[in-house]
Amino acid sequence: RARRAAPELPRLALVAMSLFVPYRALGLVAADDVAFVVNRRGTESWVTVPLRDSFVVYDCAKLRVTFFGPRFTQGDVSALATRKNWTFCAVGRDIMCVKRLHVSCALAGGHATRVTRMFVFGFYLVSVDEEGVVKVWDIDDDVMAVREREYEERRLRNDDMDAEEASESASASGVEARDVEMPDGFVTTAIAHPDGYIDKLVFGSADGRMMIMNIRVGKVVYEFAGYGSAVRVVENSPAEDVVAVGLEDGRVLLVDVSRDKVMFTLSMDSTQTPVTAMAFRTDGQDDVLCVGDARGRVMVWDLGMRKIRTLINEAHEGRVSALSFLDGQPVMVSSGGDNTLKEWIFDREDGDARLLRFRAGHSKPPTNVTFYGEGKKLLAAGSDRTLRIFHPFADQQNAEFSQKNTSKRARKMGVAEEELKLPPVTRIAWGELRENDWANVVTAHENSTSAYTWRLSKNTIGEHVLQCPKEDGKCAVTSVCISACGNFAFVGVANGAVHRFNLQSGLHRGALERSIDASAANQRKKKKNGNEGYNFPGGKRSFWALANQAGGNKSETLNVPAHDGNITCIAADSANRYMVTAGVDGVIRVWKFSTMKLDMEINVGHATTCGYLHRESSLFAVGCTDKIVRIYDVVTGKRVRTYEPRGDIADVGDVKSVEISVDGRWVFALDSLGSLRVYDIPASRLVQHLILGDDKVTAVSFSPAQDFLVTTHENRRGLYLWVNRVLFEGTKKLAYGRKVSVGLPERMALPDENGTVPEGENGRVQEDIDHGVYIHPDDNAEDDEEFTMEELEEYFEKMSAGPRQIAPGMITLARLPQTHIDTLLNLDVVQEKMKPKQEEKALEQAPFFLPTAAASDDVRRSIFDPIRESEVNKDSSALALVAGDVNSGDPQSRILRQGTALAGAHHTPLLTLLQKGEKSGDYTDALDFLKDASPVVVDGEIRSLGPWDHNFMSSDDRDNLKRGIVFFTAALESGMYFEMVNAHLQVFLKAHSTAIMSSDELKRACHPLRLAMHKSWTRLDDLFNELRCSLSFHTGQHGV
């Protein structure tokens, strides 16, 4: 089916319907095959590194992140170039021009295919596409200002022009690209600019040819003879007329371009590894050429001796993408295909290089991720055999857990570093309580018979390796857990055994075992031993054989492992009262923590694949092989919820992981196809079925603060954070029960000539609306296509709004996001943190003819002087008494000092609604106004009800405060928006308590408010106590 084109759909409505929207990516340091660019501004150097669909700028002094660039929805960045404050990013066929942080214009219409490389010199930008077409763009400051102005005008007109229209617009303004005719068969693969060659560039070709071209006139100046191999890199040298040419067959040629002569050739071995990057040292202290190849090696050549000075093996995993020396410094920057950015310094006596600093992420896609502690840290592991910690808001603190000098040991042994690292992590468990005392992270590894401990405080591997005793130590570890106290670690293995270890000493402290009766023991023993015992004299009917079958004691019991088969989940409660385990045998078992004895068995009926215990509510969620999520109460042993996926069960993947939110309201279920289903536990219904991104989700974790969701994806090396919109915007427009695709910014699908957008895979419309949100049609609804967007919005609003109040006086919540109330109560702190930092300036000295102190009768005295204000009010009161004003005893405002007739001439919206409610007795409009207002507006409206200083409170100020007290009294008695009214009342009392205490009339008005508040909270307390007693009775926890 075809749907309408993207421009016809409302933008904000779709985004508001999704449960999560993308926020940012973590752990992305550098792209695989796109070179970085080093830019020097003043005395500082900056390196601009491309990311997949964006870029990031690092400070070369510390490799700290300076800022992130915008995300490009048209595609991935394929080439990068910089000039002054401009960053040019090749995205598809176009070149996006970014000024600082924002896209200011675009160079469109020049290429018919994807741009693969760019080069900047002077006022020119040279771009090359996949077909070898070369374009030259004028990027002078004046020309860029024209492009920027035209781009802004089009944006204001919301005129989405295609490439042809953009090219016509550029041609009309005289800033279009100039074509450069290349010789037949010449496909540009490298570009360089020799020093002293004005308007001339050196081009290298895929067929081994090289030529010098005058870019300004577009003519070939000189064409070199071929070198017998494709030219991969051309690098200008500090020596005049000399360039280095890196070839596909691994050779490096030093060519004198003025004489067309190869000065000498550098070649390391006969492997013919392609050259991918080169850099000359530019500080003038040493003649050094660094060459990077496709195997991740960096060779340092001594040009004077024409031999290799040193070889940096495994400088990067995969190919070396780029090399560059910082101007005037013995520091080289390198990036490669392992998602790292490194700085090497040549400061040793023998001229060797050492690693100075680096930034790194996962070199391969991570497969496990979990929030740590309060959600301010993330633990992630992947197939690159590393365990890393990430900080969502402090990238400089990201680190890899050390595995005891693996790089040094690998160099000594002559093997790859990855071979000495631990196998890939399959499970992660952590405990925050003992973080500073001993190891507080335990991991299980692929096909490993041991569990390993890690010290988070030192970012290193722990002292102890947890190895199960006897036969259980030969089985692979499949599940791990740390107790709430942080003293014990539980390790589950593939044969069903669960063992306990002390984390401080690493010693074994028992195992979870269950006892079975004699008949079950004999069957188990016969199944295990086969025909053992039947070879005695007399055969099966012999005395010895019969004794072996009976075991010699009919009352015999046998201790067996916790489960029959693989352990899929181990969890401990928050008070060390019980343990919960689940396995492929389809049974959930609850154990006493202190005695390690079996307390309860719950038969699920299907093998479990994963599990999660919510420690506060004792709810245990399991995913089963029948693709159904079940939730059990491990205290009573009863099943409380069952969630079966909608649609054809054959199209649903196996449940891979489950997790319950901290408040116990949502359960997240991730299947093997990468779909995430969020269920509401109290309402027992599906909240949303989410497709996050185009690549399959491999792991997911929900923040304890409930503000972020983190995911890992197939073929992606980063961790992706998603914002929980419900926490910040409520559930007013949430698409309950719908399948929603929310992707990272992706390529926009253009409508065809009929104005329709073709569907992509799985029936998904490939459209880019804000965050790429698409709401799939509801398969259970009839005639879904007949509903308009307005009808859908009204339907979702009615479904989520619910009744305003069930009965008069019943407490009804406003359902405001918690962040809204927190911001209101701490508005001063929030505004102080958001205030831009300004440098303190020294006070200028006053001119000599101005006095430093004013006389008592000087008119320049401050109007905020309380003594002067009281004198003025006293004088005005005396004049008012002579005039016969009976209300003259009230203090007069310094602004409205002529009298109280002008007081209240300007009413705020809240005051107007309060006056309206005072007459009608209904304050619903005022409550709705406060509910929809922002925290800043609410704070300003409440503060405007009273005087700015209680010493100058007028009668109108007193009346307005009384109206506010009456309003809050009526609101508490009505029960409407209970949590919002209490928060606003706290702000009201905090702002006007001094003024209220100074007036007897206002103090008398507060008595009904106090009674209303006491009554409402007493009623709530009674209901909570009644509910607590009822739950204690039914759960058997008397006296708790």
# chains A, B, ... in the order shown; residues from 1 in each chain; ligands from 1

call {"tool": "residues_around", "arguments": {"residues": "Gln403 (chain A)", "least_positions_apart": "3", "cutoff": "7 Å", "atoms": "only C-alpha atoms", "output": "PyMOL selection string"}}
result
chain A and resi 406+421+460-461

call {"tool": "select_by_dssp", "arguments": {"residues": "region 341-554 of chain A", "states": "strand (DSSP E)", "output": "MDAnalysis selection string"}}
result
chainID A and resid 341:345 354:360 366:372 377:382 387:390 399:400 425:430 441:445 450:455 460:467 477:482 488:493 498:502 508:516

call {"tool": "residues_around", "arguments": {"residues": "Gln805 (chain A)", "least_positions_apart": "3", "cutoff": "10 Å", "atoms": "only C-alpha atoms", "output": "ChimeraX atom specification"}}
result
/A:802,808-813,974-977

call {"tool": "closest_residue", "arguments": {"among": "A:Ile308, A:Leu326, A:Ala735, A:Val126", "to": "Thr43 (chain A)", "atoms": "only C-alpha atoms"}}
result
A:Leu326

call {"tool": "decode", "arguments": {"residues": "region 174-188 of chain A", "atoms": "N, CA, C and O atoms", "output": "JSON list (two decimals), in the first residue's frame"}}
result
[["chain", "number", "residue", "atom", "x", "y", "z"],
["A", 174, "GLY", "N", 25.54, 33.20, -9.08],
["A", 174, "GLY", "CA", 26.93, 33.20, -9.49],
["A", 174, "GLY", "C", 27.85, 32.44, -8.58],
["A", 174, "GLY", "O", 29.06, 32.68, -8.58],
["A", 175, "VAL", "N", 27.33, 31.47, -7.79],
["A", 175, "VAL", "CA", 28.16, 30.72, -6.86],
["A", 175, "VAL", "C", 28.08, 29.22, -7.14],
["A", 175, "VAL", "O", 28.23, 28.41, -6.27],
["A", 176, "GLU", "N", 27.79, 28.85, -8.42],
["A", 176, "GLU", "CA", 27.67, 27.45, -8.75],
["A", 176, "GLU", "C", 29.06, 26.81, -8.84],
["A", 176, "GLU", "O", 30.08, 27.51, -8.90],
["A", 177, "ALA", "N", 29.08, 25.47, -8.90],
["A", 177, "ALA", "CA", 30.34, 24.73, -8.99],
["A", 177, "ALA", "C", 30.87, 24.77, -10.42],
["A", 177, "ALA", "O", 30.10, 24.85, -11.39],
["A", 178, "ARG", "N", 32.19, 24.72, -10.57],
["A", 178, "ARG", "CA", 32.83, 24.66, -11.87],
["A", 178, "ARG", "C", 33.29, 23.24, -12.13],
["A", 178, "ARG", "O", 33.89, 22.59, -11.27],
["A", 179, "ASP", "N", 33.02, 22.75, -13.34],
["A", 179, "ASP", "CA", 33.44, 21.42, -13.74],
["A", 179, "ASP", "C", 34.90, 21.43, -14.13],
["A", 179, "ASP", "O", 35.41, 22.40, -14.71],
["A", 180, "VAL", "N", 35.58, 20.33, -13.84],
["A", 180, "VAL", "CA", 36.97, 20.13, -14.22],
["A", 180, "VAL", "C", 37.04, 18.88, -15.08],
["A", 180, "VAL", "O", 36.69, 17.78, -14.61],
["A", 181, "GLU", "N", 37.45, 19.05, -16.33],
["A", 181, "GLU", "CA", 37.53, 17.91, -17.24],
["A", 181, "GLU", "C", 38.80, 17.12, -16.95],
["A", 181, "GLU", "O", 39.91, 17.65, -16.98],
["A", 182, "MET", "N", 38.58, 15.84, -16.68],
["A", 182, "MET", "CA", 39.70, 14.95, -16.41],
["A", 182, "MET", "C", 39.99, 14.11, -17.65],
["A", 182, "MET", "O", 39.10, 13.88, -18.48],
["A", 183, "PRO", "N", 41.21, 13.65, -17.82],
["A", 183, "PRO", "CA", 41.53, 12.78, -18.97],
["A", 183, "PRO", "C", 40.67, 11.51, -18.95],
["A", 183, "PRO", "O", 40.14, 11.10, -17.92],
["A", 184, "ASP", "N", 40.54, 10.90, -20.11],
["A", 184, "ASP", "CA", 39.73, 9.69, -20.23],
["A", 184, "ASP", "C", 40.29, 8.59, -19.34],
["A", 184, "ASP", "O", 41.49, 8.30, -19.33],
["A", 185, "GLY", "N", 39.37, 7.97, -18.59],
["A", 185, "GLY", "CA", 39.76, 6.87, -17.72],
["A", 185, "GLY", "C", 40.44, 7.28, -16.44],
["A", 185, "GLY", "O", 40.87, 6.40, -15.67],
["A", 186, "PHE", "N", 40.56, 8.55, -16.19],
["A", 186, "PHE", "CA", 41.23, 9.03, -14.98],
["A", 186, "PHE", "C", 40.20, 9.15, -13.86],
["A", 186, "PHE", "O", 39.35, 10.05, -13.88],
["A", 187, "VAL", "N", 40.25, 8.24, -12.90],
["A", 187, "VAL", "CA", 39.35, 8.23, -11.74],
["A", 187, "VAL", "C", 40.15, 8.66, -10.52],
["A", 187, "VAL", "O", 41.06, 7.95, -10.07],
["A", 188, "THR", "N", 39.84, 9.84, -9.99],
["A", 188, "THR", "CA", 40.64, 10.43, -8.91],
["A", 188, "THR", "C", 40.50, 9.62, -7.63],
["A", 188, "THR", "O", 39.39, 9.32, -7.18]]
